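Engineer: Dropping a structure here in structure tokens format, bear with me for questions.
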Amino acid sequence: MSLILSRRAFLGASVVSLAASRALRGDEAADATATKLIDDPTFEPNTLFLTWQRDPTTTMTVQWIGTRGETPNTNIYYTSGITAAATAVVASVAAPISAGVIKSGSAVSAAAVAAWNSQETSSSPFGQSDLKVFRAELTKLTPGTNYQFRIGKHSPIYRFRTMPAKATDAISFISGGDCGVNAHAIANNIQAARQDPMFAVIGGDLGYDNGTAIDTSLAFVRNYSKHMIGRDGRLIPMVTCIGNHEVEGGYAKPRGKAPFYYNLFDGLFPETGYNTLDFGDYLSLVLLDTGHTSPIEGAQTDWLEKTLKARVDHPHVMVVNHVPAYPSFRNPEAVPSKDPKAIAHGTGEGNRKHWVPLFEKYRVPVVLEHHDHTFKRTKPLIDGLANERGVLYLGDGSWGRIRSPNAAEKLSYLAVTSRDYHLSLHRLQGAERFHVALNESGKIMDTCRSGQRASS
């Protein structure tokens, strides 16, 4: 099942014109017919990041954490176009480029800059603090298009790109989990951004705030905001699912025990800890809650079957969850307890009982798992046994946390394990999926190809 790929063949060749694709900074001008590039913006939040609440081809959600009054205008101004005249000015600038921003005093006529749309920003509490989550969802965007935006009229101009409506070209994205806020997590942020992915999927345990440590939650967002920037200055959107370290108590708790997580991501998860994010008709990310704020069995399993059945003919359906069905460090079997009242469970037991049969029935090709703080790739599995038509389980969550895994030969379902900080780069090309594991230094640790979406 494994296919060895060269890094160059996987990533492909691309030529990016940095000067032309970096965005302009704007300034509020008394003369409405002119716009100037700002040398020193007055509002530049260090918690700014992008995510999605729905359709990534036509929407983008802009978020940051701050306090009221930091800037007089929190509206998001955005545009999809800079005309050839403005691009020529940008291309001629020789000033240093930092975080996707060109600093210059050059003037650009208003006619050279496309019309700016405006979207109001909402604010909601961030935990039990004076901080607020500021959010604006930009809608009715054009698929596969570069956009520029600014916060009010005294911020840098930032960039993003909507996802394409059709997968006519290769689609690439990053995944990983169990990040934290240490130096290894930052190194993997930097390494992830170097791959220039279209977006990143974090499969739980983002900052390890445990539902109580607001400073930790803020540190995770600041690190992401600072480092997750594409080669052309484009902000890389973040998609997540919930893990036990988002929740005070970890498991079987109400949403209120995961305040920072749901303050930030309730746009995609308004009522439950699970949902699906559909990218046109070519990719579906099925984001699950492994018993942290939504039980595995019952409503979530019923929803999962309906969701997978409705997408059985889609070329790429990938499940993302935190606790693994097939762990590489923890014991998949229940360990007897001396306490007669204790109920022993093996790691992933609920997944294997309720979800794995659905993954196999509806031919899910890949499940992205985390939680064990190792790197692992299973064999393609059906009913826990190797089968070339089976489901591939990739993980196991070592973006910024690490443990020594079981040797692959110790557990029959494992193909590869290692003790490395890592992230995975996924490339969707036609009906094929390629997966590359990279360590924090960018070294390729493992490559494979997944299949089996065709009817049995």
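Identifiers in the structure tokens: chain A, B, ... in order shown; residue index from 1 per chain; ligand index from 1 in order shown.
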Give one line per residue of range 122-240 of chain A that approaches range 63-69 of chain A to at most 12 Å, naming the two atoms of the closest pair and their distance in Å to one decimal, counting only C-alpha atoms; sort by chain then ascending residue number and deliver it as JSON lines.

Structural biologist:
```
{"residue": "A:Ser122", "atom": "CA", "partner": "A:Gln63", "partner_atom": "CA", "distance": 9.6}
{"residue": "A:Ser123", "atom": "CA", "partner": "A:Arg68", "partner_atom": "CA", "distance": 8.7}
{"residue": "A:Ser124", "atom": "CA", "partner": "A:Ile65", "partner_atom": "CA", "distance": 9.6}
{"residue": "A:Pro125", "atom": "CA", "partner": "A:Ile65", "partner_atom": "CA", "distance": 9.4}
{"residue": "A:Phe126", "atom": "CA", "partner": "A:Ile65", "partner_atom": "CA", "distance": 7.6}
{"residue": "A:Gly127", "atom": "CA", "partner": "A:Ile65", "partner_atom": "CA", "distance": 11.0}
{"residue": "A:Ser129", "atom": "CA", "partner": "A:Thr67", "partner_atom": "CA", "distance": 9.9}
{"residue": "A:Asp130", "atom": "CA", "partner": "A:Thr67", "partner_atom": "CA", "distance": 6.8}
{"residue": "A:Leu131", "atom": "CA", "partner": "A:Thr67", "partner_atom": "CA", "distance": 5.1}
{"residue": "A:Lys132", "atom": "CA", "partner": "A:Gly66", "partner_atom": "CA", "distance": 5.4}
{"residue": "A:Val133", "atom": "CA", "partner": "A:Ile65", "partner_atom": "CA", "distance": 4.6}
{"residue": "A:Phe134", "atom": "CA", "partner": "A:Trp64", "partner_atom": "CA", "distance": 5.4}
{"residue": "A:Arg135", "atom": "CA", "partner": "A:Gln63", "partner_atom": "CA", "distance": 4.5}
{"residue": "A:Ala136", "atom": "CA", "partner": "A:Gln63", "partner_atom": "CA", "distance": 6.7}
{"residue": "A:Glu137", "atom": "CA", "partner": "A:Gln63", "partner_atom": "CA", "distance": 8.7}
{"residue": "A:Leu138", "atom": "CA", "partner": "A:Gln63", "partner_atom": "CA", "distance": 11.1}
{"residue": "A:Arg150", "atom": "CA", "partner": "A:Gln63", "partner_atom": "CA", "distance": 11.9}
{"residue": "A:Ile151", "atom": "CA", "partner": "A:Trp64", "partner_atom": "CA", "distance": 10.3}
{"residue": "A:Ile214", "atom": "CA", "partner": "A:Ile65", "partner_atom": "CA", "distance": 11.4}
{"residue": "A:Asp215", "atom": "CA", "partner": "A:Ile65", "partner_atom": "CA", "distance": 11.9}
{"residue": "A:Ser217", "atom": "CA", "partner": "A:Ile65", "partner_atom": "CA", "distance": 10.6}
{"residue": "A:Leu218", "atom": "CA", "partner": "A:Ile65", "partner_atom": "CA", "distance": 8.1}
{"residue": "A:Ala219", "atom": "CA", "partner": "A:Ile65", "partner_atom": "CA", "distance": 11.3}
{"residue": "A:Phe220", "atom": "CA", "partner": "A:Ile65", "partner_atom": "CA", "distance": 11.9}
{"residue": "A:Val221", "atom": "CA", "partner": "A:Trp64", "partner_atom": "CA", "distance": 8.8}
{"residue": "A:Arg222", "atom": "CA", "partner": "A:Ile65", "partner_atom": "CA", "distance": 9.6}
{"residue": "A:Tyr224", "atom": "CA", "partner": "A:Trp64", "partner_atom": "CA", "distance": 11.6}
{"residue": "A:Ser225", "atom": "CA", "partner": "A:Trp64", "partner_atom": "CA", "distance": 9.3}
{"residue": "A:Leu235", "atom": "CA", "partner": "A:Gln63", "partner_atom": "CA", "distance": 11.8}
{"residue": "A:Pro237", "atom": "CA", "partner": "A:Gln63", "partner_atom": "CA", "distance": 10.5}
{"residue": "A:Met238", "atom": "CA", "partner": "A:Gln63", "partner_atom": "CA", "distance": 10.9}
```

Engineer: Mind listing the helix (DSSP H, G or I) residues of range 71-261 of chain A, per DSSP on the backbone, as a short mmCIF file (atom, residue, chain, number, x, y, z; two decimals) with N, CA, C and O atoms, in the first residue's frame?

Structural biologist:
```cif
data_model
loop_
_atom_site.label_atom_id
_atom_site.label_comp_id
_atom_site.auth_asym_id
_atom_site.auth_seq_id
_atom_site.Cartn_x
_atom_site.Cartn_y
_atom_site.Cartn_z
N ALA A 84 -3.88 46.12 -12.61
CA ALA A 84 -2.52 46.04 -13.12
C ALA A 84 -1.69 47.25 -12.69
O ALA A 84 -0.50 47.13 -12.38
N ALA A 85 -2.33 48.42 -12.61
CA ALA A 85 -1.58 49.62 -12.21
C ALA A 85 -1.09 49.51 -10.78
O ALA A 85 0.06 49.83 -10.46
N ALA A 86 -1.96 49.01 -9.89
CA ALA A 86 -1.55 48.85 -8.50
C ALA A 86 -0.51 47.76 -8.35
O ALA A 86 0.44 47.88 -7.59
N THR A 87 -0.68 46.64 -9.09
CA THR A 87 0.28 45.55 -9.03
C THR A 87 1.66 46.02 -9.46
O THR A 87 2.68 45.64 -8.90
N ALA A 88 1.70 46.89 -10.47
CA ALA A 88 2.97 47.40 -10.95
C ALA A 88 3.68 48.20 -9.86
O ALA A 88 4.91 48.12 -9.71
N VAL A 89 2.91 48.98 -9.09
CA VAL A 89 3.50 49.74 -8.01
C VAL A 89 4.07 48.80 -6.96
O VAL A 89 5.20 48.96 -6.48
N VAL A 90 3.28 47.76 -6.59
CA VAL A 90 3.74 46.81 -5.59
C VAL A 90 5.01 46.12 -6.07
O VAL A 90 5.98 45.95 -5.34
N ALA A 91 5.04 45.70 -7.34
CA ALA A 91 6.18 44.98 -7.86
C ALA A 91 7.45 45.82 -7.87
O ALA A 91 8.55 45.29 -7.84
N SER A 92 7.28 47.14 -7.88
CA SER A 92 8.45 48.01 -7.94
C SER A 92 9.03 48.33 -6.57
O SER A 92 10.10 48.93 -6.45
N ALA A 110 -6.95 55.61 -6.21
CA ALA A 110 -8.11 54.79 -5.84
C ALA A 110 -8.60 53.99 -7.03
O ALA A 110 -9.12 52.88 -6.87
N ALA A 111 -8.43 54.50 -8.23
CA ALA A 111 -8.88 53.78 -9.42
C ALA A 111 -8.09 52.50 -9.63
O ALA A 111 -8.55 51.57 -10.28
N ALA A 112 -6.86 52.45 -9.07
CA ALA A 112 -6.02 51.27 -9.27
C ALA A 112 -6.35 50.16 -8.30
O ALA A 112 -5.94 49.02 -8.48
N ALA A 183 8.67 25.05 22.13
CA ALA A 183 9.54 25.33 20.99
C ALA A 183 9.31 24.33 19.86
O ALA A 183 9.45 24.68 18.67
N HIS A 184 8.98 23.09 20.19
CA HIS A 184 8.75 22.08 19.15
C HIS A 184 7.46 22.39 18.38
O HIS A 184 7.41 22.22 17.16
N ALA A 185 6.44 22.84 19.10
CA ALA A 185 5.20 23.24 18.43
C ALA A 185 5.45 24.40 17.48
O ALA A 185 4.94 24.42 16.35
N ILE A 186 6.24 25.37 17.90
CA ILE A 186 6.56 26.51 17.04
C ILE A 186 7.36 26.05 15.83
O ILE A 186 7.11 26.49 14.69
N ALA A 187 8.33 25.15 16.04
CA ALA A 187 9.12 24.63 14.93
C ALA A 187 8.24 23.94 13.90
O ALA A 187 8.45 24.09 12.68
N ASN A 188 7.24 23.21 14.37
CA ASN A 188 6.34 22.55 13.41
C ASN A 188 5.39 23.53 12.76
O ASN A 188 4.98 23.34 11.61
N ASN A 189 5.00 24.61 13.46
CA ASN A 189 4.24 25.68 12.80
C ASN A 189 5.04 26.22 11.61
O ASN A 189 4.50 26.41 10.51
N ILE A 190 6.29 26.51 11.86
CA ILE A 190 7.15 27.08 10.81
C ILE A 190 7.31 26.07 9.67
O ILE A 190 7.23 26.43 8.48
N GLN A 191 7.51 24.81 10.04
CA GLN A 191 7.67 23.78 9.01
C GLN A 191 6.38 23.60 8.21
O GLN A 191 6.41 23.43 6.98
N ALA A 192 5.24 23.66 8.88
CA ALA A 192 3.96 23.55 8.19
C ALA A 192 3.77 24.67 7.19
O ALA A 192 3.36 24.45 6.04
N ALA A 193 4.08 25.90 7.59
CA ALA A 193 3.91 27.04 6.70
C ALA A 193 4.83 26.94 5.48
O ALA A 193 4.46 27.37 4.37
N ARG A 194 6.01 26.36 5.66
CA ARG A 194 6.94 26.20 4.54
C ARG A 194 6.39 25.31 3.44
O ARG A 194 6.81 25.40 2.28
N ILE A 214 -6.40 30.40 30.40
CA ILE A 214 -6.62 31.33 29.30
C ILE A 214 -5.30 31.75 28.66
O ILE A 214 -5.23 31.93 27.43
N ASP A 215 -4.25 31.92 29.44
CA ASP A 215 -2.96 32.32 28.87
C ASP A 215 -2.43 31.28 27.90
O ASP A 215 -1.82 31.62 26.88
N THR A 216 -2.66 30.01 28.19
CA THR A 216 -2.22 28.94 27.30
C THR A 216 -3.00 28.97 25.99
O THR A 216 -2.43 28.82 24.90
N SER A 217 -4.30 29.17 26.09
CA SER A 217 -5.12 29.26 24.89
C SER A 217 -4.68 30.43 24.02
O SER A 217 -4.55 30.31 22.79
N LEU A 218 -4.40 31.57 24.64
CA LEU A 218 -3.93 32.73 23.90
C LEU A 218 -2.58 32.48 23.27
O LEU A 218 -2.33 32.89 22.12
N ALA A 219 -1.69 31.81 23.99
CA ALA A 219 -0.35 31.55 23.45
C ALA A 219 -0.43 30.68 22.21
O ALA A 219 0.30 30.91 21.23
N PHE A 220 -1.32 29.68 22.20
CA PHE A 220 -1.48 28.84 21.01
C PHE A 220 -1.92 29.68 19.81
O PHE A 220 -1.37 29.56 18.71
N VAL A 221 -2.92 30.52 20.02
CA VAL A 221 -3.43 31.34 18.91
C VAL A 221 -2.36 32.31 18.42
O VAL A 221 -2.19 32.52 17.21
N ARG A 222 -1.63 32.91 19.35
CA ARG A 222 -0.57 33.85 18.94
C ARG A 222 0.51 33.15 18.12
O ARG A 222 0.99 33.69 17.12
N ASN A 223 0.91 31.95 18.54
CA ASN A 223 1.90 31.21 17.77
C ASN A 223 1.40 30.89 16.37
O ASN A 223 2.14 31.02 15.39
N TYR A 224 0.15 30.45 16.29
CA TYR A 224 -0.42 30.13 14.98
C TYR A 224 -0.47 31.39 14.11
O TYR A 224 -0.08 31.37 12.95
N SER A 225 -0.95 32.47 14.68
CA SER A 225 -1.08 33.72 13.94
C SER A 225 0.27 34.21 13.41
O SER A 225 0.38 34.69 12.29
N LYS A 226 1.30 34.06 14.21
CA LYS A 226 2.61 34.57 13.84
C LYS A 226 3.28 33.76 12.75
O LYS A 226 3.92 34.31 11.85
N HIS A 227 3.12 32.45 12.80
CA HIS A 227 3.93 31.59 11.95
C HIS A 227 3.19 30.94 10.78
O HIS A 227 3.83 30.57 9.79
N ASN A 244 -9.28 16.11 24.43
CA ASN A 244 -9.54 16.10 25.87
C ASN A 244 -8.92 17.30 26.59
O ASN A 244 -9.43 17.76 27.61
N HIS A 245 -7.80 17.85 26.06
CA HIS A 245 -7.16 18.97 26.75
C HIS A 245 -7.76 20.33 26.37
O HIS A 245 -7.23 21.36 26.76
N GLU A 246 -8.87 20.31 25.66
CA GLU A 246 -9.69 21.53 25.51
C GLU A 246 -10.73 21.61 26.61
O GLU A 246 -11.41 22.63 26.75
N ARG A 255 -20.53 21.48 27.20
CA ARG A 255 -19.75 22.42 26.39
C ARG A 255 -19.13 23.54 27.23
O ARG A 255 -18.07 24.06 26.91
N GLY A 256 -19.80 23.90 28.32
CA GLY A 256 -19.30 24.97 29.17
C GLY A 256 -17.96 24.66 29.80
O GLY A 256 -17.27 25.57 30.28
N LYS A 257 -17.57 23.38 29.81
CA LYS A 257 -16.26 22.99 30.35
C LYS A 257 -15.14 23.13 29.31
O LYS A 257 -13.99 22.85 29.61
N PRO A 259 -14.59 26.23 27.45
CA PRO A 259 -14.99 27.59 27.07
C PRO A 259 -14.14 28.19 25.96
O PRO A 259 -14.69 28.82 25.03
N PHE A 260 -12.83 28.05 26.02
CA PHE A 260 -11.98 28.72 25.04
C PHE A 260 -12.13 28.08 23.66
O PHE A 260 -12.17 28.78 22.64
N TYR A 261 -12.26 26.75 23.64
CA TYR A 261 -12.44 26.07 22.35
C TYR A 261 -13.74 26.51 21.68
O TYR A 261 -13.75 26.92 20.52
#
```

Engineer: Give me, please, the distance in Å between CA of Asp289 in chain A and CA of Asn439 in chain A, quoted to one decimal.

Structural biologist: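 Calculated distance between CA of Asp289 in chain A and CA of Asn439 in chain A is 26.6 Å.
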
Engineer: For range 384-400 of chain A, please output as number ranges by chain all residues within 8 Å (counting only C-alpha atoms; exclusion window: fewer than 4 positions along the same chain).

Structural biologist: A: 1, 176-186, 188, 203, 324, 326-328, 359-360, 363-380, 412-413, 420-423, 450-452

Engineer: For a quick check of understanding, using only C-alpha atoms, which of A:Ser172, A:Thr74, A:Thr58, A:Asn117 has the smallest distance to Lys140 in chain A?

Structural biologist: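 Once distances to Lys140 in chain A are computed over only C-alpha atoms, the minimum belongs to A:Thr58.
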
Engineer: Once DSSP has gone over the backbone, tell me which residues of range 226-312 of chain A are in strand (DSSP E), as a PyMOL selection string.

Structural biologist: chain A and resi 238-241+275-279+283-287

Engineer: When you count only C-alpha atoms, which of these residues is closest to Thr447 in chain A: A:Ser155, A:Thr42, A:Ser424, A:Thr139?

Structural biologist: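 Counting only C-alpha atoms, the residue closest to Thr447 in chain A is A:Ser424.
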
Engineer: Nearest to Gly152 in chain A among A:Gln128, A:Ser294, A:Thr71, A:Asn210, with distances taken over only C-alpha atoms: which residue is it?

Structural biologist: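 Residue with the minimum atom-to-atom distance to Gly152 in chain A: A:Thr71.
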
Engineer: Let me make sure I understand: among A:Leu264, A:Phe199, A:Thr212, A:Tyr77, which one has the smallest atom-to-atom distance to Leu48 in chain A if we use only C-alpha atoms?

Structural biologist: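 Looking only at the distances to Leu48 in chain A, the closest residue turns out to be A:Leu264.
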
Engineer: Extract, using only C-alpha atoms, all DNA, RNA and protein residues at most 9 Å from Lys166 in chain A, discarding same-chain residues fewer than 4 positions from it, and format them as a list of chain:residue names.

Structural biologist: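 So, after excluding close chain neighbours, the residues are A:Pro143, A:Gly144, A:Phe279, A:Gly280, A:Asp281, A:Tyr282.
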
Engineer: Given only C-alpha atoms as the basis, pick out the residue of A:Asn321, A:Ser418, A:Asn75, A:Asn146 nearest to Ile202 in chain A.

Structural biologist: A:Asn321

Engineer: Take CA of Tyr251 in chain A and CA of Ala299 in chain A and report the distance between them in Å, one decimal.

Structural biologist: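 Value for the CA of Tyr251 in chain A-CA of Ala299 in chain A distance: 16.5 Å.
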
Engineer: Would you work out the distance separating CA of Gly204 in chain A from CA of Thr240 in chain A, expressed in Å to one decimal?

Structural biologist: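 Separating CA of Gly204 in chain A from CA of Thr240 in chain A is a distance of 6.6 Å.
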
Engineer: Have a look at A:Met445, A:Ala325, A:Thr162, A:Ser118 and name the one nearest to Val416 in chain A; count only C-alpha atoms.

Structural biologist: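 That would be A:Met445, the residue with the smallest distance to Val416 in chain A.
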